[in-house]
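Trainee: My structure is in start07.cif, and what it holds is mmCIF, C-alpha atoms:
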```
data_target
#
loop_
_atom_site.group_PDB
_atom_site.id
_atom_site.type_symbol
_atom_site.label_atom_id
_atom_site.label_comp_id
_atom_site.auth_asym_id
_atom_site.auth_seq_id
_atom_site.Cartn_x
_atom_site.Cartn_y
_atom_site.Cartn_z
ATOM 1 C CA MET A 1 0.000 0.000 0.000
ATOM 2 C CA LYS A 2 2.944 2.272 0.510
ATOM 3 C CA SER A 3 3.486 2.837 -3.187
ATOM 4 C CA MET A 4 -0.210 3.685 -3.760
ATOM 5 C CA LYS A 5 -0.224 6.432 -1.146
ATOM 6 C CA ASN A 6 0.550 10.068 -1.934
ATOM 7 C CA LYS A 7 1.923 11.132 1.450
ATOM 8 C CA LYS A 8 1.752 14.869 0.802
ATOM 9 C CA ALA A 9 -1.836 14.926 -0.341
ATOM 10 C CA GLY A 10 -3.001 12.101 1.848
ATOM 11 C CA THR A 11 -4.897 10.423 -1.014
ATOM 12 C CA THR A 12 -4.395 7.178 -2.870
ATOM 13 C CA LEU A 13 -3.369 7.065 -6.516
ATOM 14 C CA LEU A 14 -6.614 5.274 -7.335
ATOM 15 C CA GLU A 15 -8.614 8.094 -5.762
ATOM 16 C CA GLN A 16 -6.733 10.652 -7.851
ATOM 17 C CA VAL A 17 -7.332 8.697 -11.055
ATOM 18 C CA ILE A 18 -11.074 8.421 -10.353
ATOM 19 C CA PHE A 19 -11.180 12.126 -9.532
ATOM 20 C CA TYR A 20 -9.619 13.124 -12.870
ATOM 21 C CA VAL A 21 -11.656 10.611 -14.905
ATOM 22 C CA LEU A 22 -14.916 11.851 -13.373
ATOM 23 C CA ASN A 23 -13.951 15.479 -13.998
ATOM 24 C CA VAL A 24 -13.147 14.801 -17.646
ATOM 25 C CA PHE A 25 -16.346 12.763 -18.052
ATOM 26 C CA PHE A 26 -18.398 15.576 -16.497
ATOM 27 C CA VAL A 27 -16.937 18.288 -18.742
ATOM 28 C CA LEU A 28 -17.272 16.137 -21.882
ATOM 29 C CA SER A 29 -20.895 15.275 -21.041
ATOM 30 C CA LEU A 30 -21.788 18.938 -20.664
ATOM 31 C CA MET A 31 -20.028 19.841 -23.934
ATOM 32 C CA LEU A 32 -21.880 17.043 -25.745
ATOM 33 C CA PHE A 33 -25.212 18.172 -24.299
ATOM 34 C CA VAL A 34 -24.712 21.831 -25.277
ATOM 35 C CA ASN A 35 -23.580 20.789 -28.778
ATOM 36 C CA ASN A 36 -26.586 18.476 -29.254
ATOM 37 C CA VAL A 37 -29.081 21.097 -28.140
ATOM 38 C CA SER A 38 -27.611 23.970 -30.156
ATOM 39 C CA SER A 39 -27.209 22.029 -33.400
ATOM 40 C CA GLY A 40 -30.077 19.631 -32.835
ATOM 41 C CA SER A 41 -33.482 19.140 -34.301
ATOM 42 C CA LEU A 42 -35.525 21.481 -32.086
ATOM 43 C CA ILE A 43 -34.191 24.757 -33.462
ATOM 44 C CA THR A 44 -33.886 23.445 -37.027
ATOM 45 C CA GLU A 45 -37.504 22.233 -37.114
ATOM 46 C CA GLU A 46 -38.779 25.596 -35.908
ATOM 47 C CA ARG A 47 -36.577 27.537 -38.324
ATOM 48 C CA TYR A 48 -37.702 25.525 -41.351
ATOM 49 C CA ALA A 49 -41.408 25.426 -40.373
ATOM 50 C CA LYS A 50 -41.453 29.209 -40.082
ATOM 51 C CA THR A 51 -39.550 29.643 -43.335
ATOM 52 C CA PHE A 52 -42.006 27.392 -45.200
ATOM 53 C CA GLY A 53 -45.051 29.072 -43.638
ATOM 54 C CA LEU A 54 -43.900 32.574 -44.495
ATOM 55 C CA THR A 55 -42.861 31.451 -47.983
ATOM 56 C CA ILE A 56 -46.369 30.089 -48.598
ATOM 57 C CA ASP A 57 -47.897 33.419 -47.539
ATOM 58 C CA SER A 58 -45.495 35.231 -49.874
ATOM 59 C CA LEU A 59 -46.346 33.112 -52.918
ATOM 60 C CA LYS A 60 -48.169 34.817 -55.757
ATOM 61 C CA GLU A 61 -50.852 33.104 -57.798
ATOM 62 C CA GLY A 62 -49.409 30.683 -60.351
ATOM 63 C CA THR A 63 -45.917 30.678 -58.878
ATOM 64 C CA GLU A 64 -43.705 27.845 -57.676
ATOM 65 C CA VAL A 65 -40.788 27.801 -55.242
ATOM 66 C CA ASN A 66 -38.138 25.109 -54.721
ATOM 67 C CA ILE A 67 -36.475 24.906 -51.313
ATOM 68 C CA SER A 68 -33.601 22.573 -50.479
ATOM 69 C CA LEU A 69 -34.304 20.022 -47.741
ATOM 70 C CA ILE A 70 -30.803 18.565 -47.551
ATOM 71 C CA GLU A 71 -30.174 19.798 -44.008
ATOM 72 C CA LEU A 72 -33.506 18.386 -42.799
ATOM 73 C CA TYR A 73 -32.977 14.972 -44.401
ATOM 74 C CA ASN A 74 -29.432 14.791 -43.032
ATOM 75 C CA LEU A 75 -30.784 15.440 -39.545
ATOM 76 C CA ALA A 76 -33.606 12.915 -40.046
ATOM 77 C CA ASN A 77 -31.069 10.267 -41.136
ATOM 78 C CA LYS A 78 -28.887 11.096 -38.142
ATOM 79 C CA ASN A 79 -31.911 10.648 -35.851
ATOM 80 C CA LYS A 80 -32.961 7.449 -37.720
ATOM 81 C CA TYR A 81 -36.337 9.051 -38.523
ATOM 82 C CA LEU A 82 -37.917 7.595 -41.657
ATOM 83 C CA GLY A 83 -41.302 9.383 -41.674
ATOM 84 C CA GLU A 84 -42.455 12.451 -43.610
ATOM 85 C CA VAL A 85 -40.148 15.393 -42.972
ATOM 86 C CA VAL A 86 -42.540 18.076 -44.265
ATOM 87 C CA ILE A 87 -46.328 17.847 -44.066
ATOM 88 C CA ILE A 88 -48.663 20.660 -45.126
ATOM 89 C CA LYS A 89 -52.252 20.189 -44.032
ATOM 90 C CA ASP A 90 -55.103 22.521 -43.007
ATOM 91 C CA ASN A 91 -53.092 25.751 -42.911
ATOM 92 C CA LEU A 92 -50.326 24.114 -40.899
ATOM 93 C CA VAL A 93 -46.793 23.334 -41.963
ATOM 94 C CA ARG A 94 -45.266 20.558 -39.900
ATOM 95 C CA VAL A 95 -41.536 19.880 -39.969
ATOM 96 C CA GLN A 96 -40.274 16.771 -38.201
ATOM 97 C CA VAL A 97 -36.793 15.243 -38.186
ATOM 98 C CA SER A 98 -36.981 12.994 -35.132
ATOM 99 C CA LYS A 99 -39.509 10.560 -33.698
ATOM 100 C CA ALA A 100 -40.257 12.659 -30.637
ATOM 101 C CA GLY A 101 -39.934 16.069 -32.276
ATOM 102 C CA GLY A 102 -41.940 18.128 -34.754
ATOM 103 C CA TYR A 103 -42.860 21.802 -35.081
ATOM 104 C CA GLU A 104 -45.975 23.351 -36.625
ATOM 105 C CA PHE A 105 -46.442 26.820 -38.063
ATOM 106 C CA GLN A 106 -49.677 28.320 -39.326
ATOM 107 C CA PHE A 107 -50.042 30.181 -42.618
ATOM 108 C CA ILE A 108 -53.024 32.348 -43.528
ATOM 109 C CA THR A 109 -53.296 31.578 -47.235
ATOM 110 C CA LEU A 110 -56.271 29.392 -48.210
ATOM 111 C CA ALA A 111 -55.089 25.793 -47.855
ATOM 112 C CA ASN A 112 -56.857 24.660 -51.042
ATOM 113 C CA LYS A 113 -54.772 27.124 -53.078
ATOM 114 C CA ILE A 114 -51.502 25.507 -51.996
ATOM 115 C CA SER A 115 -50.018 22.288 -53.271
ATOM 116 C CA TYR A 116 -46.646 20.768 -52.469
ATOM 117 C CA GLU A 117 -44.426 17.810 -53.151
ATOM 118 C CA VAL A 118 -41.033 16.588 -52.003
ATOM 119 C CA ASP A 119 -38.814 15.913 -54.995
ATOM 120 C CA LYS A 120 -36.128 13.342 -54.225
ATOM 121 C CA SER A 121 -35.038 12.827 -57.809
ATOM 122 C CA LYS A 122 -32.940 15.973 -58.200
ATOM 123 C CA LYS A 123 -29.174 15.795 -58.277
ATOM 124 C CA GLY A 124 -28.562 18.235 -55.413
ATOM 125 C CA GLY A 125 -30.679 16.258 -52.928
ATOM 126 C CA GLU A 126 -34.255 16.583 -51.722
ATOM 127 C CA PHE A 127 -36.292 19.683 -52.587
ATOM 128 C CA LEU A 128 -39.640 20.968 -51.371
ATOM 129 C CA ILE A 129 -41.745 22.312 -54.235
ATOM 130 C CA LEU A 130 -44.425 24.766 -53.136
ATOM 131 C CA ARG A 131 -47.059 25.921 -55.628
ATOM 132 C CA MET A 132 -49.890 28.405 -55.468
ATOM 133 C CA LYS A 133 -52.650 27.512 -57.898
ATOM 134 C CA MET B 1 -4.846 20.030 -6.819
ATOM 135 C CA ILE B 2 -8.305 20.609 -5.308
ATOM 136 C CA GLU B 3 -8.626 19.061 -1.872
ATOM 137 C CA ASN B 4 -10.579 19.646 1.271
ATOM 138 C CA LYS B 5 -8.885 19.894 4.677
ATOM 139 C CA SER B 6 -9.001 16.169 5.344
ATOM 140 C CA GLY B 7 -7.276 15.519 2.004
ATOM 141 C CA GLU B 8 -10.228 13.717 0.395
ATOM 142 C CA LEU B 9 -10.675 14.339 -3.327
ATOM 143 C CA LEU B 10 -14.012 12.568 -3.811
ATOM 144 C CA SER B 11 -15.863 14.433 -1.084
ATOM 145 C CA MET B 12 -19.569 15.291 -0.894
ATOM 146 C CA TRP B 13 -18.632 18.935 -1.346
ATOM 147 C CA TRP B 14 -17.006 18.155 -4.728
ATOM 148 C CA PHE B 15 -20.089 16.292 -5.959
ATOM 149 C CA PHE B 16 -22.274 19.188 -4.786
ATOM 150 C CA VAL B 17 -20.211 21.699 -6.796
ATOM 151 C CA LEU B 18 -20.425 19.484 -9.913
ATOM 152 C CA ILE B 19 -24.205 19.245 -9.594
ATOM 153 C CA ILE B 20 -24.588 23.003 -9.179
ATOM 154 C CA ILE B 21 -22.414 23.706 -12.248
ATOM 155 C CA GLY B 22 -24.152 21.003 -14.324
ATOM 156 C CA VAL B 23 -27.670 22.131 -13.471
ATOM 157 C CA GLY B 24 -26.720 25.742 -14.230
ATOM 158 C CA ILE B 25 -25.308 24.943 -17.666
ATOM 159 C CA ILE B 26 -28.190 22.597 -18.579
ATOM 160 C CA ALA B 27 -30.825 25.122 -17.463
ATOM 161 C CA GLY B 28 -29.142 27.953 -19.364
ATOM 162 C CA THR B 29 -28.847 25.896 -22.543
ATOM 163 C CA LEU B 30 -32.459 24.712 -22.393
ATOM 164 C CA MET B 31 -33.707 28.255 -21.779
ATOM 165 C CA PHE B 32 -31.796 29.445 -24.839
ATOM 166 C CA ALA B 33 -32.999 26.542 -27.001
ATOM 167 C CA SER B 34 -36.647 26.856 -25.984
ATOM 168 C CA GLU B 35 -36.796 30.558 -26.866
ATOM 169 C CA LYS B 36 -39.095 30.977 -29.870
ATOM 170 C CA ILE B 37 -37.887 32.589 -33.066
ATOM 171 C CA ASP B 38 -39.910 35.794 -33.326
ATOM 172 C CA VAL B 39 -41.222 36.226 -36.872
ATOM 173 C CA ARG B 40 -44.253 38.395 -36.054
ATOM 174 C CA THR B 41 -42.903 41.523 -37.738
ATOM 175 C CA ILE B 42 -41.937 39.522 -40.840
ATOM 176 C CA GLN B 43 -45.351 37.854 -40.876
ATOM 177 C CA ALA B 44 -47.155 41.206 -40.612
ATOM 178 C CA ASP B 45 -44.973 42.536 -43.429
ATOM 179 C CA VAL B 46 -45.678 39.473 -45.598
ATOM 180 C CA ILE B 47 -49.443 39.836 -45.045
ATOM 181 C CA SER B 48 -49.389 43.553 -45.845
ATOM 182 C CA ASN B 49 -47.443 42.882 -49.068
ATOM 183 C CA LYS B 50 -49.903 40.132 -49.983
ATOM 184 C CA ILE B 51 -52.817 42.541 -49.597
ATOM 185 C CA ILE B 52 -51.107 45.333 -51.522
ATOM 186 C CA ASP B 53 -50.295 42.918 -54.376
ATOM 187 C CA CYS B 54 -53.896 41.835 -54.354
ATOM 188 C CA VAL B 55 -55.721 45.200 -54.244
ATOM 189 C CA VAL B 56 -53.268 47.372 -56.218
ATOM 190 C CA ASP B 57 -52.309 46.592 -59.791
ATOM 191 C CA PHE B 58 -49.605 48.867 -61.267
ATOM 192 C CA GLY B 59 -50.733 51.743 -59.052
ATOM 193 C CA VAL B 60 -54.421 51.299 -59.811
ATOM 194 C CA ILE B 61 -56.695 50.206 -56.979
ATOM 195 C CA SER B 62 -58.986 47.264 -57.657
ATOM 196 C CA ASP B 63 -62.698 47.155 -56.866
ATOM 197 C CA ILE B 64 -62.085 47.726 -53.139
ATOM 198 C CA LEU B 65 -64.471 50.696 -53.349
ATOM 199 C CA SER B 66 -67.413 48.553 -54.381
ATOM 200 C CA SER B 67 -69.750 47.274 -51.675
ATOM 201 C CA ASP B 68 -69.546 43.615 -52.777
ATOM 202 C CA PHE B 69 -65.734 43.506 -52.521
ATOM 203 C CA ASN B 70 -64.564 40.489 -50.514
ATOM 204 C CA LEU B 71 -60.965 40.882 -49.441
ATOM 205 C CA PHE B 72 -60.506 37.285 -48.292
ATOM 206 C CA ASP B 73 -61.828 35.712 -51.484
ATOM 207 C CA SER B 74 -59.906 38.164 -53.661
ATOM 208 C CA CYS B 75 -56.589 37.723 -51.810
ATOM 209 C CA TYR B 76 -56.967 33.990 -51.013
ATOM 210 C CA ILE B 77 -56.702 34.561 -47.268
ATOM 211 C CA ASP B 78 -58.389 32.177 -44.840
ATOM 212 C CA LYS B 79 -61.039 34.332 -43.132
ATOM 213 C CA GLY B 80 -61.564 31.778 -40.344
ATOM 214 C CA ILE B 81 -57.970 31.952 -39.166
ATOM 215 C CA PHE B 82 -57.755 35.694 -39.525
ATOM 216 C CA ASP B 83 -60.990 36.532 -37.702
ATOM 217 C CA SER B 84 -61.336 33.819 -35.068
ATOM 218 C CA SER B 85 -57.780 33.074 -33.946
ATOM 219 C CA GLY B 86 -57.320 36.486 -32.333
ATOM 220 C CA ASN B 87 -53.708 36.528 -33.497
ATOM 221 C CA TYR B 88 -54.086 38.925 -36.400
ATOM 222 C CA PHE B 89 -55.420 42.361 -37.196
ATOM 223 C CA LEU B 90 -55.897 44.141 -40.491
ATOM 224 C CA ARG B 91 -57.146 47.631 -41.304
ATOM 225 C CA ILE B 92 -57.352 49.043 -44.796
ATOM 226 C CA ASN B 93 -58.193 52.701 -45.061
ATOM 227 C CA LEU B 94 -58.769 54.487 -48.356
ATOM 228 C CA THR B 95 -58.968 58.288 -48.296
ATOM 229 C CA SER B 96 -59.384 60.762 -51.095
ATOM 230 C CA GLY B 97 -56.919 63.557 -51.811
ATOM 231 C CA LEU B 98 -59.081 65.865 -49.658
ATOM 232 C CA GLY B 99 -58.814 63.532 -46.650
ATOM 233 C CA GLU B 100 -62.331 62.134 -46.977
ATOM 234 C CA VAL B 101 -62.549 58.462 -45.944
ATOM 235 C CA LYS B 102 -63.901 56.528 -48.919
ATOM 236 C CA ASN B 103 -63.711 53.079 -47.442
ATOM 237 C CA GLU B 104 -62.384 51.405 -44.307
ATOM 238 C CA LEU B 105 -62.187 47.684 -43.779
ATOM 239 C CA THR B 106 -61.252 46.187 -40.393
ATOM 240 C CA TYR B 107 -60.769 42.512 -39.593
ATOM 241 C CA GLY B 108 -59.343 40.378 -36.810
ATOM 242 C CA ASN B 109 -58.505 41.325 -33.233
ATOM 243 C CA ARG B 110 -59.428 44.999 -32.858
ATOM 244 C CA ALA B 111 -57.572 45.280 -29.536
ATOM 245 C CA PHE B 112 -54.402 45.372 -31.601
ATOM 246 C CA VAL B 113 -55.112 49.003 -32.582
ATOM 247 C CA GLU B 114 -54.055 50.096 -29.097
ATOM 248 C CA ASP B 115 -51.668 47.180 -28.527
ATOM 249 C CA CYS B 116 -49.636 48.173 -31.556
ATOM 250 C CA LYS B 117 -48.810 51.514 -29.914
ATOM 251 C CA ILE B 118 -47.469 49.662 -26.849
ATOM 252 C CA SER B 119 -45.527 47.209 -28.986
ATOM 253 C CA LEU B 120 -43.386 50.130 -30.148
ATOM 254 C CA ILE B 121 -41.533 49.771 -26.841
ATOM 255 C CA GLN B 122 -40.949 46.065 -27.606
ATOM 256 C CA ALA B 123 -43.200 44.565 -24.919
ATOM 257 C CA ASP B 124 -42.837 40.804 -25.462
ATOM 258 C CA ASN B 125 -46.452 39.657 -25.439
ATOM 259 C CA TYR B 126 -47.829 42.519 -27.488
ATOM 260 C CA PRO B 127 -48.324 42.217 -31.243
ATOM 261 C CA ARG B 128 -45.863 43.401 -33.827
ATOM 262 C CA CYS B 129 -47.407 45.703 -36.397
ATOM 263 C CA VAL B 130 -46.594 47.047 -39.820
ATOM 264 C CA LYS B 131 -48.068 50.202 -41.314
ATOM 265 C CA LYS B 132 -47.854 51.087 -44.986
ATOM 266 C CA GLU B 133 -49.094 54.084 -46.882
ATOM 267 C CA LEU B 134 -49.203 54.459 -50.643
ATOM 268 C CA LEU B 135 -50.770 56.687 -53.259
ATOM 269 C CA VAL B 136 -53.045 54.922 -55.719
ATOM 270 C CA LEU B 137 -55.367 55.785 -58.569
ATOM 271 C CA ASP B 138 -58.837 54.490 -59.337
ATOM 272 C CA SER B 139 -59.880 53.448 -62.847
ATOM 273 C CA SER B 140 -61.008 57.044 -63.560
ATOM 274 C CA GLY B 141 -57.633 58.481 -62.617
ATOM 275 C CA ASN B 142 -58.643 59.947 -59.228
ATOM 276 C CA SER B 143 -55.909 59.718 -56.623
ATOM 277 C CA TYR B 144 -56.330 58.153 -53.191
ATOM 278 C CA LYS B 145 -54.201 57.428 -50.169
ATOM 279 C CA LEU B 146 -54.206 53.782 -49.139
ATOM 280 C CA ASN B 147 -53.226 53.000 -45.540
ATOM 281 C CA ILE B 148 -52.696 49.423 -44.510
ATOM 282 C CA MET B 149 -52.037 48.305 -40.950
ATOM 283 C CA VAL B 150 -51.358 44.659 -40.133
ATOM 284 C CA GLY B 151 -50.664 43.229 -36.687
ATOM 285 C CA SER B 152 -49.547 39.731 -35.753
ATOM 286 C CA ASN B 153 -49.157 38.107 -32.379
ATOM 287 C CA TYR B 154 -48.986 34.482 -33.499
ATOM 288 C CA GLU B 155 -47.369 32.197 -30.872
ATOM 289 C CA PHE B 156 -46.811 35.014 -28.347
ATOM 290 C CA ARG B 157 -50.283 35.641 -26.862
#
```
How does this structure look as structure tokens?
Mentor:
Amino acid sequence: MKSMKNKKAGTTLLEQVIFYVLNVFFVLSLMLFVNNVSSGSLITEERYAKTFGLTIDSLKEGTEVNISLIELYNLANKNKYLGEVVIIKDNLVRVQVSKAGGYEFQFITLANKISYEVDKSKKGGEFLILRMK
Amino acid sequence: MIENKSGELLSMWWFFVLIIIGVGIIAGTLMFASEKIDVRTIQADVISNKIIDCVVDFGVISDILSSDFNLFDSCYIDKGIFDSSGNYFLRINLTSGLGEVKNELTYGNRAFVEDCKISLIQADNYPRCVKKELLVLDSSGNSYKLNIMVGSNYEFR
């Protein structure tokens, strides 16, 4: 036991190792948490839902807009979410990139004037096509 | 090295400090992340532009002066959401060159007329409003002043 004891500090080597490991684990856990929250799905879903909603209200009759969904699909893949990423129904735009998530934003344009589709055939990735009839 | 007087590294005091720091950082991060993105001013601006595009065509006002004019049908706006949700307000005021009010249309939450004055000081739960004024002509060439005021308080009521 003599070799394991730090006489000056009065602590064992094992105790010191645990102390440092726990400190590093604690700091890394907090950094991971902050990183996940700040770059995670919550903020992205809200940002895109609001963008789509305001874009719909800005559309003029007979116009069409294409919006890239690459970031959303990348997040959905990361979260292993296979459902619909964008749903537009009854004046609500819903953006969802995780099983537990999802954010809805309301637009004021008549719902029957709006049509949409998600085009996955384009070279640059997935695109949301919004049309106003 | 951080130690207490007895020389113990893994003391209760150390765990207590870790918990306090952890809870503080987690609470701060969650508060930041849960803060809503405020798009009320943009939304009010988008709605006002939509109405201007709808009722004014190359500087000439549409049939807004006629009694059977229906703004919601003409501009493809959902009347149910606008009138019943209480989140929106719209006032269109058309005055002649002499200041005579020719037509005034008001829809939505009328409390926003006063609330919009308060929102100038950026009170959080009050609506954000946009006012626009433009000169227009009717089909006979008479000039009018068109005032549009739109307020939105969606998600912040």
Trainee: Using the chain letters and numbering of this document, enumerate as number ranges by chain the residues selected by the PyMOL selection byres ((chain A) within 9 of (chain B)).
Mentor: A: 9-11, 15-16, 18-19, 23, 26-27, 30, 33-34, 37-38, 42-43, 46-47, 50, 54-55, 57-60, 91, 106-111, 113
Trainee: Measuring between all atoms listed in the file, which one of A:Asn35, A:Ser121, A:Ser41, A:Ser115 shows the shortest distance to Ile88 of chain A?
Mentor: A:Ser115
Trainee: Could you list, as a compact mmCIF listing (two decimals) with C-alpha atoms, in the frame of the given file, every residue within 10 Å of Arg131 of chain A, counting all atoms listed in the file and ignoring same-chain residues fewer than 3 positions away?
Mentor:
```
# COMPACT_ATOMS: atom_id res chain seq x y z
CA ILE A 56 -46.37 30.09 -48.60
CA LEU A 59 -46.35 33.11 -52.92
CA LYS A 60 -48.17 34.82 -55.76
CA GLU A 61 -50.85 33.10 -57.80
CA GLY A 62 -49.41 30.68 -60.35
CA THR A 63 -45.92 30.68 -58.88
CA GLU A 64 -43.70 27.84 -57.68
CA VAL A 65 -40.79 27.80 -55.24
CA ASN A 66 -38.14 25.11 -54.72
CA LYS A 113 -54.77 27.12 -53.08
CA ILE A 114 -51.50 25.51 -52.00
CA SER A 115 -50.02 22.29 -53.27
CA TYR A 116 -46.65 20.77 -52.47
CA GLU A 117 -44.43 17.81 -53.15
CA LEU A 128 -39.64 20.97 -51.37
```
Trainee: For the structure shown, which residues end up in the PyMOL selection byres ((chain B and resi 105) around 10)? Put them as a VMD selection string, please?
Mentor: chain B and resid 64 71 90 to 94 103 to 104 106 to 107 148
Trainee: Would you give the centre and edge lengths, in Å to one decimal, of a box along x, y and z around the listed atoms of segment 38-57 of chain A, with 6 Å added to each side, as JSON?
Mentor:
```
{"center_x": -37.6, "center_y": 26.3, "center_z": -39.4, "size_x": 32.7, "size_y": 26.3, "size_z": 30.4}
```
Trainee: I'd like the residues picked by the PyMOL selection byres ((chain B and resi 136) around 12) written out as a PDB file with C-alpha atoms, in the coordinates of the input, using the chain letters and numbers from the file.
Mentor:
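Contents of the output file result10.pdb:
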```pdb
ATOM      1  CA  ILE B  52     -51.107  45.333 -51.522  1.00  0.00           C
ATOM      2  CA  VAL B  55     -55.721  45.200 -54.244  1.00  0.00           C
ATOM      3  CA  VAL B  56     -53.268  47.372 -56.218  1.00  0.00           C
ATOM      4  CA  ASP B  57     -52.309  46.592 -59.791  1.00  0.00           C
ATOM      5  CA  PHE B  58     -49.605  48.867 -61.267  1.00  0.00           C
ATOM      6  CA  GLY B  59     -50.733  51.743 -59.052  1.00  0.00           C
ATOM      7  CA  VAL B  60     -54.421  51.299 -59.811  1.00  0.00           C
ATOM      8  CA  ILE B  61     -56.695  50.206 -56.979  1.00  0.00           C
ATOM      9  CA  SER B  62     -58.986  47.264 -57.657  1.00  0.00           C
ATOM     10  CA  ILE B  64     -62.085  47.726 -53.139  1.00  0.00           C
ATOM     11  CA  LEU B  94     -58.769  54.487 -48.356  1.00  0.00           C
ATOM     12  CA  THR B  95     -58.968  58.288 -48.296  1.00  0.00           C
ATOM     13  CA  SER B  96     -59.384  60.762 -51.095  1.00  0.00           C
ATOM     14  CA  GLY B  97     -56.919  63.557 -51.811  1.00  0.00           C
ATOM     15  CA  GLU B 133     -49.094  54.084 -46.882  1.00  0.00           C
ATOM     16  CA  LEU B 134     -49.203  54.459 -50.643  1.00  0.00           C
ATOM     17  CA  LEU B 135     -50.770  56.687 -53.259  1.00  0.00           C
ATOM     18  CA  LEU B 137     -55.367  55.785 -58.569  1.00  0.00           C
ATOM     19  CA  ASP B 138     -58.837  54.490 -59.337  1.00  0.00           C
ATOM     20  CA  SER B 139     -59.880  53.448 -62.847  1.00  0.00           C
ATOM     21  CA  SER B 140     -61.008  57.044 -63.560  1.00  0.00           C
ATOM     22  CA  GLY B 141     -57.633  58.481 -62.617  1.00  0.00           C
ATOM     23  CA  ASN B 142     -58.643  59.947 -59.228  1.00  0.00           C
ATOM     24  CA  SER B 143     -55.909  59.718 -56.623  1.00  0.00           C
ATOM     25  CA  TYR B 144     -56.330  58.153 -53.191  1.00  0.00           C
ATOM     26  CA  LYS B 145     -54.201  57.428 -50.169  1.00  0.00           C
ATOM     27  CA  LEU B 146     -54.206  53.782 -49.139  1.00  0.00           C
ATOM     28  CA  ASN B 147     -53.226  53.000 -45.540  1.00  0.00           C
TER      29      ASN B 147
END
```
Trainee: Taking (-57.4, 41.2, -33.5) in the coordinates of the supplied file, I want to know which residues reach to within 9 Å of it, counting only C-alpha atoms; could you give the answer as a list in words?
Mentor: Phe82, Asp83, Ser84, Ser85, Gly86, Asn87, Tyr88, Phe89, Leu90, Tyr107, Gly108, Asn109, Arg110, Ala111, Phe112, Val113, Gly151, Ser152 and Asn153 of chain B
Trainee: How many Å lie between atom CA of Glu104 of chain A and atom CA of Leu32 of chain A, rounded to one decimal?
Mentor: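 Computing it gives 27.2 Å between the two atoms.
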Trainee: Between atom CA of Lys132 of chain B and atom CA of Ala49 of chain A, what is the distance, to one decimal in Å?
Mentor: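 Interatomic distance here is 26.9 Å.
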Trainee: Go ahead and compute the interatomic distance for atom CA of Tyr73 of chain A and atom CA of Val85 of chain A, in Å to one decimal.
Mentor: 7.3 Å
Trainee: What lies within 12 Å of Lys122 of chain A using only C-alpha atoms, ignoring chain neighbours under 4 positions off, as a list in words?
Mentor: Asn66, Ile67, Ser68, Leu69, Ile70, Val118, Glu126, Phe127, Leu128 and Ile129 of chain A
